Amino acid sequence: MSIVARSSSGLVLTEQEVRAIVREELEAALRRDPAARRACIIASKGTLDFAYPPLILGAAAAAAGMEAAVFFTFYGLNIIHRDFRRRLKVSPVANPAMPMPVPMADTFSGLPLMKGLATTMMRAKFRKKGVATIAELLDVCRQSDVRLIACALTMEVFGYRERDFVDGVEFGGAGAFMSEARRSHVTLFI
């Protein structure tokens, strides 16, 4: 028996006893505040570099035992569009953080084919580092019960139909999502 803690009354506690006390306290706190188990994320950008954060954060929230929902609006709908592989690109134009391994990158970034080159470079870098693809992250989110919600108003504005999106996507308005977000401790806008 290893001694981990000693209470103020001198009682000796083992590691197992300390873990049980902490678990009970956490469970009691979650019963008092169920919002602590909820995360809502808004995805509004439709480029490859902005597709990763909402999916990774949604999957991470689910892995942490939270109910997670991602609301895709405006260009964020590209992330869940059936044709996401073609739609999600990286633009080197006006992207100061984009490292371009060529001299005078600012001069060349606006040339034709540079968006394709930047996209290919980013995908290759992610693949080399073992980062999951967008398709894999979408699968992880669906398997983890992360709610993927397409903004109904944006769909109407852009002329999208429900069949334009990957399987497992829900459709709803901003009001319904706000109701979700209102009951969450974690709400992120990406």
# chains A, B, ... in the order shown; residues from 1 in each chain; ligands from 1
call {"tool": "residues_around", "arguments": {"residues": "Val157 (chain A)", "least_positions_apart": "2", "cutoff": "12 Å", "atoms": "only C-alpha atoms", "output": "list of chain:residue names"}}
result
A:Thr73, A:Phe74, A:Tyr75, A:Leu77, A:Cys151, A:Ala152, A:Leu153, A:Thr154, A:Met155, A:Gly159, A:Tyr160, A:Arg161
call {"tool": "write_last_selection", "arguments": {"atoms": "N, CA and C atoms", "output": "compact mmCIF listing (two decimals), in the first residue's frame"}}
result
# COMPACT_ATOMS: atom_id res chain seq x y z
N THR A 73 -21.41 26.93 -41.44
CA THR A 73 -22.12 28.03 -42.07
C THR A 73 -21.23 28.71 -43.09
N PHE A 74 -21.83 29.43 -44.00
CA PHE A 74 -21.13 30.10 -45.10
C PHE A 74 -20.15 29.13 -45.76
N TYR A 75 -18.89 29.51 -45.92
CA TYR A 75 -17.96 28.66 -46.66
C TYR A 75 -17.54 27.42 -45.89
N LEU A 77 -19.46 25.23 -45.12
CA LEU A 77 -20.20 24.13 -45.73
C LEU A 77 -19.32 23.30 -46.67
N CYS A 151 -25.93 24.77 -41.91
CA CYS A 151 -26.80 25.93 -41.74
C CYS A 151 -27.82 25.97 -42.88
N ALA A 152 -29.08 25.88 -42.52
CA ALA A 152 -30.16 25.84 -43.51
C ALA A 152 -30.24 27.13 -44.32
N LEU A 153 -30.06 28.28 -43.68
CA LEU A 153 -30.13 29.55 -44.39
C LEU A 153 -29.00 29.67 -45.42
N THR A 154 -27.79 29.32 -45.02
CA THR A 154 -26.66 29.39 -45.96
C THR A 154 -26.87 28.42 -47.12
N MET A 155 -27.41 27.25 -46.84
CA MET A 155 -27.70 26.29 -47.91
C MET A 155 -28.65 26.92 -48.92
N GLY A 159 -27.78 27.82 -52.73
CA GLY A 159 -28.45 26.89 -53.63
C GLY A 159 -28.10 25.43 -53.42
N TYR A 160 -27.68 25.08 -52.20
CA TYR A 160 -27.35 23.69 -51.89
C TYR A 160 -28.61 22.91 -51.52
N ARG A 161 -28.54 21.61 -51.75
CA ARG A 161 -29.60 20.70 -51.35
C ARG A 161 -29.03 19.71 -50.33
call {"tool": "select_by_dssp", "arguments": {"residues": "chain A", "states": "helix (DSSP H, G or I)", "output": "ChimeraX atom specification"}}
result
/A:15-32,34-37,48-63,74-80,84-87,105-108,114-128,134-143,152-158,162-164,174-182
call {"tool": "closest_atom_pairs", "arguments": {"of": "region 115-190 of chain A", "to": "region 46-64 of chain A", "cutoff": "8 Å", "atoms": "only C-alpha atoms", "output": "JSON lines"}}
result
{"residue": "A:Thr119", "atom": "CA", "partner": "A:Leu48", "partner_atom": "CA", "distance": 7.5}
{"residue": "A:Ile134", "atom": "CA", "partner": "A:Tyr52", "partner_atom": "CA", "distance": 6.9}
{"residue": "A:Leu137", "atom": "CA", "partner": "A:Leu55", "partner_atom": "CA", "distance": 6.1}
{"residue": "A:Leu138", "atom": "CA", "partner": "A:Leu55", "partner_atom": "CA", "distance": 6.9}
{"residue": "A:Val140", "atom": "CA", "partner": "A:Ala59", "partner_atom": "CA", "distance": 6.6}
{"residue": "A:Cys141", "atom": "CA", "partner": "A:Ala59", "partner_atom": "CA", "distance": 5.3}
{"residue": "A:Ser144", "atom": "CA", "partner": "A:Ala62", "partner_atom": "CA", "distance": 6.1}
{"residue": "A:Asp145", "atom": "CA", "partner": "A:Ala62", "partner_atom": "CA", "distance": 7.4}
{"residue": "A:Val146", "atom": "CA", "partner": "A:Gly58", "partner_atom": "CA", "distance": 6.4}
{"residue": "A:Ile190", "atom": "CA", "partner": "A:Pro54", "partner_atom": "CA", "distance": 6.9}
call {"tool": "closest_residue", "arguments": {"among": "A:Ala181, A:Leu88, A:Ala176, A:Ile42", "to": "Thr120 (chain A)", "atoms": "only C-alpha atoms"}}
result
A:Leu88
call {"tool": "select_by_dssp", "arguments": {"residues": "region 8-183 of chain A", "states": "strand (DSSP E or B)", "output": "PyMOL selection string"}}
result
chain A and resi 12-14+38-43+67-72+81+147-151+165+169-172
call {"tool": "closest_residue", "arguments": {"among": "A:Ala135, A:Arg82, A:Val70, A:Glu25", "to": "Glu180 (chain A)", "atoms": "only C-alpha atoms"}}
result
A:Val70
call {"tool": "residues_around", "arguments": {"residues": "Val169 (chain A)", "least_positions_apart": "4", "cutoff": "10 Å", "atoms": "only C-alpha atoms", "output": "MDAnalysis selection string"}}
result
chainID A and resid 72 80:81 142 146:150 162:163 165
call {"tool": "write_last_selection", "arguments": {"atoms": "C-alpha atoms", "output": "PDB file, in the first residue's frame"}}
result
ATOM      1  CA  PHE A  72     -21.135  24.673 -40.604  1.00  0.00           C
ATOM      2  CA  ILE A  80     -19.067  18.677 -45.272  1.00  0.00           C
ATOM      3  CA  HIS A  81     -19.902  18.940 -48.985  1.00  0.00           C
ATOM      4  CA  ARG A 142     -19.491  10.579 -37.171  1.00  0.00           C
ATOM      5  CA  VAL A 146     -20.268  14.524 -33.101  1.00  0.00           C
ATOM      6  CA  ARG A 147     -23.272  16.312 -34.573  1.00  0.00           C
ATOM      7  CA  LEU A 148     -22.411  17.828 -37.962  1.00  0.00           C
ATOM      8  CA  ILE A 149     -25.025  20.522 -38.635  1.00  0.00           C
ATOM      9  CA  ALA A 150     -25.340  22.413 -41.933  1.00  0.00           C
ATOM     10  CA  GLU A 162     -29.416  18.110 -48.564  1.00  0.00           C
ATOM     11  CA  ARG A 163     -28.092  15.506 -51.009  1.00  0.00           C
ATOM     12  CA  PHE A 165     -23.573  16.841 -48.278  1.00  0.00           C
TER      13      PHE A 165
END
call {"tool": "closest_residue", "arguments": {"among": "A:Val18, A:Met114, A:Ala39, A:Met122", "to": "Phe71 (chain A)", "atoms": "only C-alpha atoms"}}
result
A:Ala39
call {"tool": "atom_distance", "arguments": {"atom1": "CA of Ser184 (chain A)", "atom2": "CA of Arg37 (chain A)"}}
result
7.4 Å
call {"tool": "residues_around", "arguments": {"residues": "Arg183 (chain A)", "least_positions_apart": "2", "cutoff": "12 Å", "atoms": "only C-alpha atoms", "output": "compact mmCIF listing (two decimals) with C-alpha atoms, in the first residue's frame"}}
result
# COMPACT_ATOMS: atom_id res chain seq x y z
CA ASP A 33 -23.83 21.35 -14.31
CA PRO A 34 -24.60 19.18 -17.36
CA ALA A 35 -23.39 21.99 -19.70
CA ALA A 36 -19.85 21.09 -18.66
CA ARG A 37 -20.20 18.06 -20.90
CA ARG A 38 -21.15 20.01 -24.04
CA ALA A 39 -19.09 21.70 -26.74
CA CYS A 40 -20.38 23.70 -29.71
CA GLU A 67 -21.46 15.99 -26.42
CA ALA A 68 -20.11 17.89 -29.41
CA ALA A 69 -21.79 19.72 -32.26
CA ALA A 176 -31.59 25.83 -33.15
CA PHE A 177 -27.81 25.92 -32.94
CA MET A 178 -27.92 28.90 -30.55
CA SER A 179 -30.12 26.81 -28.30
CA GLU A 180 -27.38 24.14 -28.31
CA ALA A 181 -24.61 26.70 -27.73
CA HIS A 185 -19.67 25.60 -21.51
CA VAL A 186 -17.42 25.46 -24.56
CA THR A 187 -18.43 27.44 -27.64
call {"tool": "atom_distance", "arguments": {"atom1": "CA of Gly168 (chain A)", "atom2": "CA of Asp139 (chain A)"}}
result
9.6 Å
call {"tool": "atom_distance", "arguments": {"atom1": "CA of Phe189 (chain A)", "atom2": "CA of Lys115 (chain A)"}}
result
25.1 Å
